[in-house]
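Participant: Sharing a structure with you now.
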Amino acid sequence: MNSSNLPTVSVVVIAYNDAGLVGEAVSSALAQGPVVTEVIAVNDASSDGTARVLDELASVHPRLKVVHRTENSGGCGTPRNDGIAAASGRYVLFLDSDDILPPGAADALVRTAERHRAPVTVGAAVRRELPQHHDVPWMPGLYTPGDVIERPADRPELVRDTLCVNKLYERAFLEEHGLRFPDGRFIYEDFVFTSRVLAAAPRIAVTGDLVYVWHVRRSAAQVSISLDRKDVGNWRSRIEAHRTAARTLAAASPVLGSACHVKFLEYDLRMYLRELGRDPEYQAAWWTLTREYVDTFAEADVEAAAAHARWIVRVLRATATPPADVERLTRLAAEPPRLLPPYAVGASGEPVWSEELPVELDGLPALPVGELPVTVDAEPAGRGAVRIRVHDLYGRLAEAGPQTARLSFMPRAGGEPVLARPVELLPDRGGGWIAVLPFRLADLAVTGRRQGLRRMQAWNVGVGVQCADGSSLFTSLRPRGRLLRRRALPSSRYGVLLAQPYRTGAGALALRLAPGAEGALYLVRNRLHRARAARGAG
């Protein structure tokens with residue numbers, strides 16, 4: 001069956017004040033070929049030039065139909081519902097105005113849907129960080145290409161994929177079950193829509209083809225809703241969307257409802273906790289809101305979550321206000337998780353959160369070494385080396401016998417990591433293990449250039465620990481002392497090499513590296529731009 005004989009698709013594009021980007025989105029939909037019978041662009045009463053851009057495109061592309069709303073809906077749900085109502089194709093595919101469909105996406109989805117007679121078909125999606133063009137797969141490993149899921153309850157982990165845009169929906173299926181998005185100003189409407197879809201128990205087919213490119217523009221003047229987390233209102237909206245989704249799923253399948261709660265604890269809660277910040281007013285409001293919600297979770301759902309998520313819930317439930325060591329909790333929520341010292345024990349010798357909050361860290365003795373939230377400190381040890389200290393964790397690491405450690409530099413824009421040579425770990429008099437790990441910034445800069453990183457390179461810095469029993473772990477580094485000082489180093493290759501170690505939002509060590517005078521100037525300008533943006537946000 002060629003593309004011209006395939007059942008047709010209606011692509012629904014929603015847009016609000018996105019005149020500069022909507023044309024690219026619409027063009028990517030039109031470029032899908034004859035399988036896309038129509039592109040329905042819903043202009044949600046934009047006040048910029050979006051309407052003009054869409055009308056001009058429609059005048060030269062007969063397949064483009066434009067729906068102009070006279071009143072802004074305040075969200076994404078209503079314009080998508082308008083698009084469904086206007087659709088005539090057998091299938092419906094959603095696209096946001098600042099994203100794109102890669103070539104062949106609609107064709108791949110329809111072929112898979114027809115082959116397996118599936119009302120819902122899902123494909124691969126990536127979050128593309130711009131302007132770096134760094135692609136991060138969305139929910140890697142969740143789906144198996146070629147798989148057919150007869151009932152969502154057979155795969156409860158599917159509740160983790162809350163996107164509506166990486167899926168093809170049979171329009172008759174949407175109409176039969178009355179499946180629509182929440183109307184009006186409802187943030188995280190995807191959560192509710194995808195829960196309604198799963199609750200309707202469709203057969204779901206999977207294609208391995210890339211079907212959606214989600215553009216992430218963190219430096220945009222107006223960031224997307226999912227990135228706009230400057231006040232507690234965003235978190236409140238996410239909780240309400242999750243609450244609605246969980247109820248919908250639980251009514252259809254207790255298994256799916258439980259999986260939705262576990263997903264919240266392991267993913268949503270940890271993501272927002274690690275970005276909690278230092279504002280006491282925000283922390284207090286966030287803490288109260290979160291605590292009230294997790295108190296509604298069944299104990300069985302908390303027990304089903306990963307150990308790190310369980311410990312966070314236990315601490316939340318143990319105190320009505322943020323504890324003095326709340327920053328320590330944010331580090332446990334990081335990826336990879338790190339439990340910072342000191343390490344307290346309870347009355348019976350069991351590991352607990354702290355002396356002030358003796359919340360048991362249940363399950364820690366049984367965790368595999370690779371899942372232990374080990375903390376590794378790093379401080380300068382002269383030019384071209386760092387001194388690390390690996391903290392033990394209630395004797396668990398000592399049991400495995402740490403032997404060697406080596407630095408790993410991972411490009412934040414994607415690509416292969418650069419590994420330093422392993423170095424023997426020695427016992428530290430104060431407990432734990434120490435080593436001096438060498439590295440060569442010039443070699444790192446050369447590798448970065450080969451990977452296409454030109455004026456400025458950004459690297460995450462981690463450490464791998466190999467143990468005598470064959471186990472290993474990998475974690476980030478906690479910068480200490482004067483490690484974060486910027487340095488300008490002479491370089492025979494580049495003339496000058498500017499190195500700026502810095503602490504990420506999760507408290508981990510990262511490195512900006514600028515080879516040559518052009519790179520150094522770019523790094524300085526970039527730093528000034530971030531400083532001005534921070535002052536403006538404040």
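To be explicit about the labels: the chains of the structure tokens are called A, B, and onward in the order shown, and within each one the residues are counted from 1, while ligands get numbers from 1 in the order they are shown.
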Mind checking which residues fall within 9 Å of A:Trp235, counting only C-alpha atoms, ignoring those fewer than 2 positions away in the same chain, and posting them as a PyMOL selection string?

Facilitator: chain A and resi 229+231-233+237-240+272+286+289-290

Participant: Since we have the selection now, will you write its residues out, keeping all heavy atoms, as a short mmCIF file (atom, residue, chain, number, x, y, z; two decimals), in the first residue's frame?

Facilitator:
data_model
loop_
_atom_site.label_atom_id
_atom_site.label_comp_id
_atom_site.auth_asym_id
_atom_site.auth_seq_id
_atom_site.Cartn_x
_atom_site.Cartn_y
_atom_site.Cartn_z
N ARG A 229 8.20 27.45 35.86
CA ARG A 229 7.97 26.96 37.22
C ARG A 229 8.45 27.97 38.25
O ARG A 229 9.02 27.62 39.28
CB ARG A 229 8.67 25.61 37.41
CG ARG A 229 8.15 24.55 36.44
CD ARG A 229 8.52 23.15 36.91
NE ARG A 229 9.87 22.77 36.56
CZ ARG A 229 10.21 22.11 35.46
NH1 ARG A 229 9.28 21.77 34.59
NH2 ARG A 229 11.45 21.77 35.22
N ASP A 231 6.68 30.03 40.12
CA ASP A 231 5.88 30.16 41.33
C ASP A 231 5.14 28.87 41.59
O ASP A 231 5.09 27.97 40.75
CB ASP A 231 4.91 31.35 41.25
CG ASP A 231 3.92 31.20 40.10
OD1 ASP A 231 3.25 30.17 40.03
OD2 ASP A 231 3.81 32.14 39.30
N VAL A 232 4.55 28.77 42.77
CA VAL A 232 3.93 27.52 43.20
C VAL A 232 2.65 27.22 42.42
O VAL A 232 2.15 26.09 42.44
CB VAL A 232 3.65 27.57 44.72
CG1 VAL A 232 2.40 28.39 45.01
CG2 VAL A 232 3.56 26.19 45.32
N GLY A 233 2.12 28.22 41.68
CA GLY A 233 0.92 27.99 40.90
C GLY A 233 1.08 26.91 39.86
O GLY A 233 0.14 26.15 39.59
N SER A 237 -1.14 23.49 39.63
CA SER A 237 -1.82 23.05 38.41
C SER A 237 -1.44 21.63 38.04
O SER A 237 -2.28 20.84 37.60
CB SER A 237 -1.49 24.00 37.25
OG SER A 237 -1.97 25.30 37.50
N ARG A 238 -0.16 21.30 38.21
CA ARG A 238 0.28 19.95 37.87
C ARG A 238 -0.35 18.93 38.82
O ARG A 238 -0.76 17.85 38.38
CB ARG A 238 1.81 19.88 37.94
CG ARG A 238 2.38 18.62 37.28
CD ARG A 238 3.89 18.66 37.28
NE ARG A 238 4.47 17.53 36.58
CZ ARG A 238 5.01 17.56 35.36
NH1 ARG A 238 5.02 18.69 34.69
NH2 ARG A 238 5.53 16.48 34.81
N ILE A 239 -0.44 19.27 40.10
CA ILE A 239 -1.07 18.37 41.06
C ILE A 239 -2.53 18.15 40.70
O ILE A 239 -3.04 17.01 40.73
CB ILE A 239 -0.92 18.90 42.49
CG1 ILE A 239 0.52 18.69 42.99
CG2 ILE A 239 -1.91 18.23 43.44
CD1 ILE A 239 0.78 19.24 44.38
N GLU A 240 -3.25 19.22 40.36
CA GLU A 240 -4.67 19.09 40.04
C GLU A 240 -4.86 18.24 38.78
O GLU A 240 -5.79 17.43 38.71
CB GLU A 240 -5.31 20.47 39.88
CG GLU A 240 -5.50 21.20 41.19
CD GLU A 240 -6.20 20.35 42.24
OE1 GLU A 240 -7.28 19.78 41.94
OE2 GLU A 240 -5.66 20.21 43.35
N TYR A 272 10.19 18.45 40.61
CA TYR A 272 9.93 19.76 41.20
C TYR A 272 10.70 19.97 42.50
O TYR A 272 11.10 21.08 42.81
CB TYR A 272 8.42 19.94 41.44
CG TYR A 272 7.69 20.39 40.20
CD1 TYR A 272 7.49 19.54 39.13
CD2 TYR A 272 7.20 21.69 40.10
CE1 TYR A 272 6.83 19.94 37.99
CE2 TYR A 272 6.53 22.12 38.96
CZ TYR A 272 6.34 21.24 37.90
OH TYR A 272 5.69 21.66 36.77
N TRP A 286 5.07 25.35 48.83
CA TRP A 286 5.26 24.09 48.09
C TRP A 286 5.13 22.90 49.03
O TRP A 286 4.48 21.90 48.71
CB TRP A 286 6.63 24.09 47.42
CG TRP A 286 6.88 22.92 46.53
CD1 TRP A 286 6.68 22.87 45.18
CD2 TRP A 286 7.37 21.63 46.91
NE1 TRP A 286 7.01 21.62 44.70
CE2 TRP A 286 7.44 20.84 45.74
CE3 TRP A 286 7.76 21.05 48.12
CZ2 TRP A 286 7.89 19.53 45.74
CZ3 TRP A 286 8.20 19.74 48.14
CH2 TRP A 286 8.27 18.98 46.96
N LEU A 289 1.42 22.26 50.13
CA LEU A 289 0.64 21.75 49.01
C LEU A 289 0.98 20.29 48.71
O LEU A 289 0.10 19.44 48.54
CB LEU A 289 0.91 22.62 47.78
CG LEU A 289 0.12 22.33 46.51
CD1 LEU A 289 -1.36 22.59 46.74
CD2 LEU A 289 0.65 23.21 45.37
N THR A 290 2.28 20.00 48.67
CA THR A 290 2.73 18.64 48.35
C THR A 290 2.36 17.66 49.44
O THR A 290 1.89 16.55 49.17
CB THR A 290 4.25 18.63 48.13
OG1 THR A 290 4.61 19.65 47.20
CG2 THR A 290 4.72 17.28 47.62
#

Participant: Write out as a tab-separated table (two decimals) with N, CA, C and O atoms, in the first residue's frame all residues of stretch 256-481 of chain A that DSSP puts in strand (DSSP E) for this structure's backbone.

Facilitator:
chain	number	residue	atom	x	y	z
A	344	ALA	N	22.67	9.49	60.10
A	344	ALA	CA	22.21	9.20	61.47
A	344	ALA	C	21.63	7.80	61.54
A	344	ALA	O	21.22	7.21	60.53
A	345	VAL	N	21.59	7.27	62.77
A	345	VAL	CA	20.99	5.95	63.00
A	345	VAL	C	19.92	6.09	64.09
A	345	VAL	O	19.99	6.95	64.96
A	351	PRO	N	19.24	2.85	59.66
A	351	PRO	CA	19.54	4.14	59.03
A	351	PRO	C	18.30	5.04	59.03
A	351	PRO	O	17.21	4.59	58.68
A	352	VAL	N	18.48	6.29	59.46
A	352	VAL	CA	17.37	7.23	59.49
A	352	VAL	C	17.79	8.53	58.80
A	352	VAL	O	18.99	8.78	58.58
A	376	VAL	N	29.90	12.01	46.49
A	376	VAL	CA	31.34	12.13	46.22
A	376	VAL	C	31.67	13.62	46.16
A	376	VAL	O	31.14	14.36	45.33
A	377	ASP	N	32.55	14.07	47.07
A	377	ASP	CA	32.99	15.46	47.09
A	377	ASP	C	34.20	15.64	46.18
A	377	ASP	O	35.00	14.70	45.99
A	378	ALA	N	34.34	16.83	45.62
A	378	ALA	CA	35.50	17.14	44.78
A	378	ALA	C	36.02	18.53	45.12
A	378	ALA	O	35.25	19.47	45.30
A	379	GLU	N	37.35	18.65	45.24
A	379	GLU	CA	37.99	19.93	45.51
A	379	GLU	C	39.27	20.00	44.68
A	379	GLU	O	39.78	18.97	44.21
A	380	PRO	N	39.80	21.20	44.44
A	380	PRO	CA	40.99	21.32	43.61
A	380	PRO	C	42.20	20.64	44.24
A	380	PRO	O	42.36	20.63	45.46
A	385	ALA	N	43.98	18.48	38.14
A	385	ALA	CA	43.59	17.36	38.99
A	385	ALA	C	42.55	17.81	40.01
A	385	ALA	O	42.50	18.98	40.40
A	386	VAL	N	41.72	16.87	40.43
A	386	VAL	CA	40.80	17.11	41.53
A	386	VAL	C	40.97	16.01	42.57
A	386	VAL	O	41.30	14.87	42.23
A	387	ARG	N	40.79	16.39	43.82
A	387	ARG	CA	40.82	15.41	44.90
A	387	ARG	C	39.38	15.05	45.24
A	387	ARG	O	38.56	15.94	45.49
A	388	ILE	N	39.07	13.78	45.22
A	388	ILE	CA	37.70	13.36	45.53
A	388	ILE	C	37.68	12.59	46.85
A	388	ILE	O	38.68	12.01	47.28
A	389	ARG	N	36.53	12.66	47.49
A	389	ARG	CA	36.29	11.85	48.67
A	389	ARG	C	34.96	11.14	48.49
A	389	ARG	O	33.93	11.79	48.30
A	390	VAL	N	34.99	9.83	48.50
A	390	VAL	CA	33.78	9.01	48.36
A	390	VAL	C	33.27	8.69	49.75
A	390	VAL	O	33.97	8.05	50.55
A	402	PRO	N	35.25	-0.57	47.45
A	402	PRO	CA	35.66	0.35	46.38
A	402	PRO	C	37.15	0.25	46.08
A	402	PRO	O	37.97	0.27	47.00
A	403	GLN	N	37.49	0.14	44.80
A	403	GLN	CA	38.89	-0.01	44.41
A	403	GLN	C	39.42	1.15	43.58
A	403	GLN	O	40.50	1.67	43.87
A	404	THR	N	38.69	1.53	42.54
A	404	THR	CA	39.18	2.59	41.65
A	404	THR	C	38.06	3.59	41.36
A	404	THR	O	36.88	3.30	41.51
A	405	ALA	N	38.49	4.78	40.94
A	405	ALA	CA	37.55	5.82	40.51
A	405	ALA	C	38.12	6.50	39.29
A	405	ALA	O	39.35	6.60	39.13
A	406	ARG	N	37.25	6.98	38.41
A	406	ARG	CA	37.72	7.74	37.27
A	406	ARG	C	36.67	8.78	36.86
A	406	ARG	O	35.46	8.55	36.98
A	407	LEU	N	37.18	9.91	36.39
A	407	LEU	CA	36.31	11.00	35.97
A	407	LEU	C	35.67	10.69	34.63
A	407	LEU	O	36.24	9.99	33.78
A	408	SER	N	34.48	11.23	34.46
A	408	SER	CA	33.76	11.12	33.20
A	408	SER	C	33.22	12.50	32.84
A	408	SER	O	32.56	13.14	33.66
A	409	PHE	N	33.52	12.97	31.64
A	409	PHE	CA	33.02	14.26	31.16
A	409	PHE	C	31.97	13.98	30.08
A	409	PHE	O	32.28	13.40	29.04
A	410	MET	N	30.73	14.37	30.36
A	410	MET	CA	29.62	14.08	29.46
A	410	MET	C	29.12	15.37	28.83
A	410	MET	O	28.71	16.29	29.54
A	411	PRO	N	29.18	15.50	27.49
A	411	PRO	CA	28.74	16.73	26.84
A	411	PRO	C	27.26	16.98	27.08
A	411	PRO	O	26.43	16.11	26.83
A	418	VAL	N	33.78	11.50	27.69
A	418	VAL	CA	35.24	11.39	27.68
A	418	VAL	C	35.65	10.84	29.04
A	418	VAL	O	35.34	11.44	30.07
A	419	LEU	N	36.34	9.72	29.03
A	419	LEU	CA	36.71	9.05	30.27
A	419	LEU	C	38.19	9.25	30.57
A	419	LEU	O	39.05	9.07	29.70
A	423	VAL	N	41.93	5.56	38.77
A	423	VAL	CA	42.94	5.78	39.81
A	423	VAL	C	42.52	5.00	41.05
A	423	VAL	O	41.33	4.91	41.37
A	424	GLU	N	43.51	4.46	41.75
A	424	GLU	CA	43.22	3.66	42.94
A	424	GLU	C	42.64	4.55	44.05
A	424	GLU	O	43.12	5.65	44.31
A	426	LEU	N	42.01	5.15	48.03
A	426	LEU	CA	42.68	4.82	49.29
A	426	LEU	C	41.76	5.15	50.46
A	426	LEU	O	41.00	6.13	50.40
A	427	PRO	N	41.83	4.36	51.53
A	427	PRO	CA	40.99	4.67	52.70
A	427	PRO	C	41.33	6.03	53.28
A	427	PRO	O	42.50	6.44	53.33
A	433	TRP	N	36.75	7.02	51.18
A	433	TRP	CA	37.92	6.77	50.36
A	433	TRP	C	38.28	8.05	49.61
A	433	TRP	O	37.41	8.88	49.29
A	434	ILE	N	39.56	8.20	49.30
A	434	ILE	CA	40.03	9.40	48.61
A	434	ILE	C	40.91	9.00	47.42
A	434	ILE	O	41.46	7.90	47.37
A	435	ALA	N	41.03	9.93	46.48
A	435	ALA	CA	41.92	9.75	45.33
A	435	ALA	C	42.12	11.10	44.68
A	435	ALA	O	41.27	12.00	44.80
A	436	VAL	N	43.26	11.27	44.02
A	436	VAL	CA	43.51	12.45	43.21
A	436	VAL	C	43.37	12.03	41.75
A	436	VAL	O	44.11	11.17	41.27
A	437	LEU	N	42.40	12.63	41.07
A	437	LEU	CA	42.08	12.24	39.70
A	437	LEU	C	42.59	13.29	38.72
A	437	LEU	O	42.15	14.44	38.76
A	438	PRO	N	43.48	12.91	37.81
A	438	PRO	CA	44.02	13.87	36.83
A	438	PRO	C	43.08	14.00	35.62
A	438	PRO	O	42.30	13.10	35.31
A	457	GLN	N	31.89	24.94	25.17
A	457	GLN	CA	31.55	23.55	25.44
A	457	GLN	C	31.03	23.44	26.87
A	457	GLN	O	31.60	24.05	27.79
A	458	ALA	N	29.97	22.68	27.06
A	458	ALA	CA	29.43	22.48	28.40
A	458	ALA	C	29.45	20.98	28.70
A	458	ALA	O	28.96	20.17	27.91
A	459	TRP	N	30.04	20.65	29.84
A	459	TRP	CA	30.22	19.24	30.21
A	459	TRP	C	29.67	19.00	31.62
A	459	TRP	O	29.93	19.78	32.54
A	460	ASN	N	28.93	17.91	31.79
A	460	ASN	CA	28.64	17.40	33.12
A	460	ASN	C	29.83	16.57	33.57
A	460	ASN	O	30.41	15.82	32.78
A	461	VAL	N	30.20	16.69	34.83
A	461	VAL	CA	31.35	15.95	35.35
A	461	VAL	C	30.86	14.92	36.36
A	461	VAL	O	30.19	15.26	37.33
A	462	GLY	N	31.16	13.66	36.09
A	462	GLY	CA	30.76	12.59	36.99
A	462	GLY	C	31.93	11.71	37.34
A	462	GLY	O	33.06	11.92	36.88
A	463	VAL	N	31.68	10.74	38.18
A	463	VAL	CA	32.73	9.81	38.59
A	463	VAL	C	32.16	8.40	38.66
A	463	VAL	O	31.04	8.18	39.12
A	464	GLY	N	32.92	7.47	38.15
A	464	GLY	CA	32.56	6.06	38.24
A	464	GLY	C	33.44	5.36	39.26
A	464	GLY	O	34.66	5.58	39.29
A	465	VAL	N	32.85	4.54	40.11
A	465	VAL	CA	33.57	3.80	41.13
A	465	VAL	C	33.42	2.30	40.86
A	465	VAL	O	32.29	1.81	40.73
A	466	GLN	N	34.54	1.62	40.77
A	466	GLN	CA	34.55	0.16	40.57
A	466	GLN	C	34.91	-0.52	41.88
A	466	GLN	O	35.84	-0.09	42.58
A	467	CYS	N	34.17	-1.58	42.21
A	467	CYS	CA	34.36	-2.25	43.50
A	467	CYS	C	34.93	-3.65	43.33
A	467	CYS	O	34.85	-4.26	42.25
A	472	SER	N	29.57	-1.72	40.58
A	472	SER	CA	30.06	-0.38	40.28
A	472	SER	C	28.92	0.61	40.47
A	472	SER	O	27.74	0.24	40.53
A	473	LEU	N	29.28	1.87	40.56
A	473	LEU	CA	28.28	2.93	40.64
A	473	LEU	C	28.80	4.15	39.90
A	473	LEU	O	30.01	4.30	39.71
A	474	PHE	N	27.85	4.99	39.48
A	474	PHE	CA	28.21	6.23	38.82
A	474	PHE	C	27.37	7.35	39.42
A	474	PHE	O	26.16	7.19	39.62
A	475	THR	N	28.02	8.45	39.73
A	475	THR	CA	27.28	9.57	40.30
A	475	THR	C	27.94	10.88	39.91
A	475	THR	O	29.03	10.91	39.30
A	476	SER	N	27.29	11.98	40.25
A	476	SER	CA	27.85	13.31	39.98
A	476	SER	C	28.75	13.71	41.14
A	476	SER	O	28.83	13.03	42.17
A	478	ARG	N	30.04	16.63	44.01
A	478	ARG	CA	29.64	17.81	44.77
A	478	ARG	C	30.86	18.72	44.90
A	478	ARG	O	31.83	18.38	45.57
A	479	PRO	N	30.84	19.89	44.24
A	479	PRO	CA	32.02	20.78	44.30
A	479	PRO	C	32.21	21.39	45.67
A	479	PRO	O	31.25	21.81	46.33

Participant: Please indicate the distance in Å from atom CA of A:Thr70 to atom CA of A:Asp98, rounded to one decimal place.

Facilitator: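 Taking atom CA of A:Thr70 and atom CA of A:Asp98, their separation equals 21.4 Å.
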
Participant: In terms of the shortest atom-to-atom distance over only C-alpha atoms, which of A:Val92, A:Ala285, A:Ala400, A:Ala118 is closest to A:Ala201?

Facilitator: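 Using only C-alpha atoms, the shortest distance to A:Ala201 belongs to A:Ala118.
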
Participant: Counting only C-alpha atoms, which residue out of A:Pro490, A:Pro202, A:Pro358, A:Gly49 sits closest to A:Thr319?

Facilitator: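 The answer is A:Pro358, which sits nearest to A:Thr319.
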
Participant: Near A:Asp147, within 8 Å and counting only C-alpha atoms, which residues show up once chain neighbours fewer than 3 positions away are dropped, as a PDB file with all heavy atoms, in the first residue's frame?

Facilitator:
ATOM      1  N   TYR A 143       8.535   1.821  25.368  1.00  0.00           N
ATOM      2  CA  TYR A 143       7.866   1.074  24.303  1.00  0.00           C
ATOM      3  C   TYR A 143       8.859   0.193  23.554  1.00  0.00           C
ATOM      4  O   TYR A 143      10.030   0.531  23.437  1.00  0.00           O
ATOM      5  CB  TYR A 143       7.222   2.032  23.297  1.00  0.00           C
ATOM      6  CG  TYR A 143       6.169   2.940  23.881  1.00  0.00           C
ATOM      7  CD1 TYR A 143       6.465   4.278  24.172  1.00  0.00           C
ATOM      8  CD2 TYR A 143       4.880   2.490  24.120  1.00  0.00           C
ATOM      9  CE1 TYR A 143       5.499   5.126  24.684  1.00  0.00           C
ATOM     10  CE2 TYR A 143       3.907   3.327  24.642  1.00  0.00           C
ATOM     11  CZ  TYR A 143       4.224   4.645  24.924  1.00  0.00           C
ATOM     12  OH  TYR A 143       3.262   5.492  25.431  1.00  0.00           O
ATOM     13  N   THR A 144       8.348  -0.928  23.022  1.00  0.00           N
ATOM     14  CA  THR A 144       9.145  -1.804  22.173  1.00  0.00           C
ATOM     15  C   THR A 144       8.619  -1.700  20.751  1.00  0.00           C
ATOM     16  O   THR A 144       7.437  -1.993  20.515  1.00  0.00           O
ATOM     17  CB  THR A 144       9.049  -3.269  22.637  1.00  0.00           C
ATOM     18  OG1 THR A 144       9.506  -3.361  23.991  1.00  0.00           O
ATOM     19  CG2 THR A 144       9.882  -4.180  21.757  1.00  0.00           C
ATOM     20  N   ALA A 205      -0.705   0.220  19.258  1.00  0.00           N
ATOM     21  CA  ALA A 205       0.392  -0.292  18.439  1.00  0.00           C
ATOM     22  C   ALA A 205       1.581   0.652  18.536  1.00  0.00           C
ATOM     23  O   ALA A 205       1.422   1.854  18.757  1.00  0.00           O
ATOM     24  CB  ALA A 205      -0.051  -0.435  16.987  1.00  0.00           C
ATOM     25  N   VAL A 206       2.767   0.101  18.365  1.00  0.00           N
ATOM     26  CA  VAL A 206       4.000   0.869  18.560  1.00  0.00           C
ATOM     27  C   VAL A 206       4.857   0.827  17.298  1.00  0.00           C
ATOM     28  O   VAL A 206       5.117  -0.249  16.762  1.00  0.00           O
ATOM     29  CB  VAL A 206       4.816   0.320  19.745  1.00  0.00           C
ATOM     30  CG1 VAL A 206       6.080   1.147  19.959  1.00  0.00           C
ATOM     31  CG2 VAL A 206       3.978   0.273  21.013  1.00  0.00           C
ATOM     32  N   THR A 207       5.274   1.997  16.835  1.00  0.00           N
ATOM     33  CA  THR A 207       6.272   2.079  15.774  1.00  0.00           C
ATOM     34  C   THR A 207       7.558   2.644  16.352  1.00  0.00           C
ATOM     35  O   THR A 207       7.515   3.512  17.233  1.00  0.00           O
ATOM     36  CB  THR A 207       5.799   2.952  14.602  1.00  0.00           C
ATOM     37  OG1 THR A 207       6.876   3.075  13.650  1.00  0.00           O
ATOM     38  CG2 THR A 207       5.406   4.344  15.055  1.00  0.00           C
TER      39      THR A 207
END
